[in-house]
Amino acid sequence: MSLAKDVESGAIGWNDAEIVAPPSDLWSDEPPLETDLHLRQMLLLISCLEWLWKDRQDFYCAGNLTVYYSPRQRKSEQFRGPDFFVVLGTERKSRKSWVVWEEDGKYPNVIVELLSSSTAETDRGLKKQIYQDIFRTPDYFWFDPMSLEFQGFELVSGQYQALQPTPQGWLWSRQLQLFLGVRDRQLRFFTPDGELVATPEEIAQVAEDRAQVAEDRAIAAEVLLARYRAQFGELPEA
């Protein structure tokens with residue numbers, strides 16, 4: 001019997017915590033991401049969302065972190081923590097892992113898996129089944145940083161339905177109220193108005209560029225003023 005069927009049939013599940021005193025101080029137990037592209041992509045999603053929601057304290061997002069959903073959970077090589085996930089309606093704080101029975105039974109609202117040659121089959125199959133049948137995660141996406149394969153699903157009446165892309169190829173996350181789409185070979189967030197959700201570094205660069213433009217204009221104005229004075233003397237008083 002598969003892990004998903006075990007939990008679905010009631011053989012294991014986070015409600016077992018009502019019968020057996022479960023551990024609660026659990027460290028994440030995840031392998032490293034396959035390539036630096038996968039690592040950078042995960043960090044990009046985290047940094048963008050945390051910056052966009054910097055004034056909010058009612059969510060948690062993380063990457064490559066174990067989600068423990070049963071005190072007798074049997075972890076296999078086929079199932080690891082999501083590469084990126086978001087939980088809404090929870091406290092924004094650091095955690096060693098996501099322990100469902102310590103989080104009021106909350107599962108991720110949004111999950112993004114980053115496909116690789118060693119995980120793609122599981123991400124498209126077993127994990128998709130677990131996220132649909134056990135986690136009941138409303139929005140599930142996968143993205144391949146190498147091939148740029150991108151697909152998303154929304155939970156409708158207990159079953160994942162494929163999301164239809166916009167003309168730009170973006171997919172809407174109802175949970176995040178944001179689009180996800182590929183730009184410059186990276187998966188990015190976009191606002192409902194189509195604006196790119198920038199990273200803190202990109203925002204700082206824009207501010208630096210604007211400051212440089214302002215400085216260049218001030219210097220140019222001083223040069224013009226100096227030339228005028230050299231030719232015509234001081235400016236007439238207003």
# chains A, B, ... in the order shown; residues from 1 in each chain; ligands from 1
call {"tool": "residues_around", "arguments": {"residues": "Lys54 (chain A)", "least_positions_apart": "5", "cutoff": "12 Å", "atoms": "only C-alpha atoms", "output": "list in words"}}
result
Ile46, Ser47, Cys48, Leu49, Phe59, Tyr60, Arg92, Thr199 and Pro200 of chain A
call {"tool": "residues_around", "arguments": {"residues": "Leu178 (chain A)", "least_positions_apart": "5", "cutoff": "6 Å", "atoms": "only C-alpha atoms", "output": "PyMOL selection string"}}
result
chain A and resi 173+190-192
call {"tool": "residues_around", "arguments": {"residues": "Gln186 (chain A)", "least_positions_apart": "6", "cutoff": "10 Å", "atoms": "only C-alpha atoms", "output": "MDAnalysis selection string"}}
result
chainID A and resid 37:38 40:41 44:45 143:146 148
call {"tool": "atom_distance", "arguments": {"atom1": "CA of Arg56 (chain A)", "atom2": "CA of Gly89 (chain A)"}}
result
10.4 Å
call {"tool": "residues_around", "arguments": {"residues": "Val110 (chain A)", "least_positions_apart": "4", "cutoff": "10 Å", "atoms": "only C-alpha atoms", "output": "PyMOL selection string"}}
result
chain A and resi 61+82+84-88+131+136-141+154+173-176
call {"tool": "closest_residue", "arguments": {"among": "A:Gly63, A:Gly158, A:Pro165, A:Pro236", "to": "Glu113 (chain A)", "atoms": "only C-alpha atoms"}}
result
A:Gly63
call {"tool": "atom_distance", "arguments": {"atom1": "CA of Thr90 (chain A)", "atom2": "CA of Gly181 (chain A)"}}
result
26.0 Å
call {"tool": "decode", "arguments": {"residues": "region 130-158 of chain A", "atoms": "N, CA and C atoms", "output": "PDB file, in the first residue's frame"}}
result
ATOM      1  N   ILE A 130      -0.469  12.915  -2.871  1.00  0.00           N
ATOM      2  CA  ILE A 130      -0.450  13.237  -1.441  1.00  0.00           C
ATOM      3  C   ILE A 130      -0.992  14.640  -1.198  1.00  0.00           C
ATOM      4  N   TYR A 131      -0.546  15.601  -2.017  1.00  0.00           N
ATOM      5  CA  TYR A 131      -0.985  16.982  -1.821  1.00  0.00           C
ATOM      6  C   TYR A 131      -2.487  17.127  -2.099  1.00  0.00           C
ATOM      7  N   GLN A 132      -3.011  16.304  -3.001  1.00  0.00           N
ATOM      8  CA  GLN A 132      -4.434  16.351  -3.310  1.00  0.00           C
ATOM      9  C   GLN A 132      -5.260  15.635  -2.247  1.00  0.00           C
ATOM     10  N   ASP A 133      -4.878  14.419  -1.903  1.00  0.00           N
ATOM     11  CA  ASP A 133      -5.731  13.555  -1.085  1.00  0.00           C
ATOM     12  C   ASP A 133      -5.515  13.723   0.415  1.00  0.00           C
ATOM     13  N   ILE A 134      -4.281  14.069   0.824  1.00  0.00           N
ATOM     14  CA  ILE A 134      -3.978  14.134   2.255  1.00  0.00           C
ATOM     15  C   ILE A 134      -3.828  15.577   2.717  1.00  0.00           C
ATOM     16  N   PHE A 135      -2.943  16.311   2.072  1.00  0.00           N
ATOM     17  CA  PHE A 135      -2.742  17.715   2.445  1.00  0.00           C
ATOM     18  C   PHE A 135      -3.946  18.570   2.065  1.00  0.00           C
ATOM     19  N   ARG A 136      -4.586  18.183   0.948  1.00  0.00           N
ATOM     20  CA  ARG A 136      -5.663  18.993   0.366  1.00  0.00           C
ATOM     21  C   ARG A 136      -5.195  20.438   0.156  1.00  0.00           C
ATOM     22  N   THR A 137      -3.994  20.542  -0.360  1.00  0.00           N
ATOM     23  CA  THR A 137      -3.411  21.850  -0.661  1.00  0.00           C
ATOM     24  C   THR A 137      -4.130  22.465  -1.855  1.00  0.00           C
ATOM     25  N   PRO A 138      -4.717  23.653  -1.690  1.00  0.00           N
ATOM     26  CA  PRO A 138      -5.536  24.228  -2.762  1.00  0.00           C
ATOM     27  C   PRO A 138      -4.791  24.509  -4.063  1.00  0.00           C
ATOM     28  N   ASP A 139      -3.531  25.003  -3.963  1.00  0.00           N
ATOM     29  CA  ASP A 139      -2.774  25.378  -5.168  1.00  0.00           C
ATOM     30  C   ASP A 139      -1.458  24.597  -5.213  1.00  0.00           C
ATOM     31  N   TYR A 140      -1.257  23.859  -6.290  1.00  0.00           N
ATOM     32  CA  TYR A 140      -0.017  23.079  -6.460  1.00  0.00           C
ATOM     33  C   TYR A 140       0.585  23.406  -7.820  1.00  0.00           C
ATOM     34  N   PHE A 141       1.868  23.747  -7.816  1.00  0.00           N
ATOM     35  CA  PHE A 141       2.594  24.070  -9.037  1.00  0.00           C
ATOM     36  C   PHE A 141       3.880  23.255  -9.099  1.00  0.00           C
ATOM     37  N   TRP A 142       4.332  23.001 -10.314  1.00  0.00           N
ATOM     38  CA  TRP A 142       5.703  22.509 -10.469  1.00  0.00           C
ATOM     39  C   TRP A 142       6.401  23.289 -11.572  1.00  0.00           C
ATOM     40  N   PHE A 143       7.726  23.379 -11.423  1.00  0.00           N
ATOM     41  CA  PHE A 143       8.535  24.157 -12.367  1.00  0.00           C
ATOM     42  C   PHE A 143       9.898  23.501 -12.483  1.00  0.00           C
ATOM     43  N   ASP A 144      10.374  23.371 -13.709  1.00  0.00           N
ATOM     44  CA  ASP A 144      11.693  22.798 -13.970  1.00  0.00           C
ATOM     45  C   ASP A 144      12.648  23.933 -14.352  1.00  0.00           C
ATOM     46  N   PRO A 145      13.621  24.271 -13.490  1.00  0.00           N
ATOM     47  CA  PRO A 145      14.548  25.364 -13.801  1.00  0.00           C
ATOM     48  C   PRO A 145      15.419  25.107 -15.026  1.00  0.00           C
ATOM     49  N   MET A 146      15.507  23.855 -15.458  1.00  0.00           N
ATOM     50  CA  MET A 146      16.329  23.522 -16.613  1.00  0.00           C
ATOM     51  C   MET A 146      15.510  23.608 -17.911  1.00  0.00           C
ATOM     52  N   SER A 147      14.412  22.867 -17.974  1.00  0.00           N
ATOM     53  CA  SER A 147      13.603  22.825 -19.193  1.00  0.00           C
ATOM     54  C   SER A 147      12.531  23.903 -19.229  1.00  0.00           C
ATOM     55  N   LEU A 148      12.268  24.530 -18.101  1.00  0.00           N
ATOM     56  CA  LEU A 148      11.238  25.566 -17.921  1.00  0.00           C
ATOM     57  C   LEU A 148       9.816  24.999 -18.007  1.00  0.00           C
ATOM     58  N   GLU A 149       9.669  23.694 -17.836  1.00  0.00           N
ATOM     59  CA  GLU A 149       8.331  23.111 -17.744  1.00  0.00           C
ATOM     60  C   GLU A 149       7.609  23.716 -16.544  1.00  0.00           C
ATOM     61  N   PHE A 150       6.385  24.179 -16.767  1.00  0.00           N
ATOM     62  CA  PHE A 150       5.642  24.872 -15.720  1.00  0.00           C
ATOM     63  C   PHE A 150       4.185  24.483 -15.807  1.00  0.00           C
ATOM     64  N   GLN A 151       3.632  24.013 -14.700  1.00  0.00           N
ATOM     65  CA  GLN A 151       2.231  23.619 -14.682  1.00  0.00           C
ATOM     66  C   GLN A 151       1.666  23.865 -13.287  1.00  0.00           C
ATOM     67  N   GLY A 152       0.368  24.116 -13.235  1.00  0.00           N
ATOM     68  CA  GLY A 152      -0.268  24.382 -11.954  1.00  0.00           C
ATOM     69  C   GLY A 152      -1.643  23.760 -11.876  1.00  0.00           C
ATOM     70  N   PHE A 153      -2.095  23.519 -10.634  1.00  0.00           N
ATOM     71  CA  PHE A 153      -3.375  22.864 -10.401  1.00  0.00           C
ATOM     72  C   PHE A 153      -4.101  23.547  -9.244  1.00  0.00           C
ATOM     73  N   GLU A 154      -5.416  23.534  -9.324  1.00  0.00           N
ATOM     74  CA  GLU A 154      -6.253  24.061  -8.256  1.00  0.00           C
ATOM     75  C   GLU A 154      -7.175  22.946  -7.780  1.00  0.00           C
ATOM     76  N   LEU A 155      -7.327  22.819  -6.472  1.00  0.00           N
ATOM     77  CA  LEU A 155      -8.178  21.772  -5.911  1.00  0.00           C
ATOM     78  C   LEU A 155      -9.647  22.172  -6.076  1.00  0.00           C
ATOM     79  N   VAL A 156     -10.380  21.371  -6.817  1.00  0.00           N
ATOM     80  CA  VAL A 156     -11.788  21.627  -7.073  1.00  0.00           C
ATOM     81  C   VAL A 156     -12.569  20.364  -6.726  1.00  0.00           C
ATOM     82  N   SER A 157     -13.432  20.463  -5.721  1.00  0.00           N
ATOM     83  CA  SER A 157     -14.222  19.303  -5.270  1.00  0.00           C
ATOM     84  C   SER A 157     -13.333  18.104  -4.970  1.00  0.00           C
ATOM     85  N   GLY A 158     -12.182  18.381  -4.340  1.00  0.00           N
ATOM     86  CA  GLY A 158     -11.297  17.313  -3.909  1.00  0.00           C
ATOM     87  C   GLY A 158     -10.361  16.771  -4.965  1.00  0.00           C
TER      88      GLY A 158
END
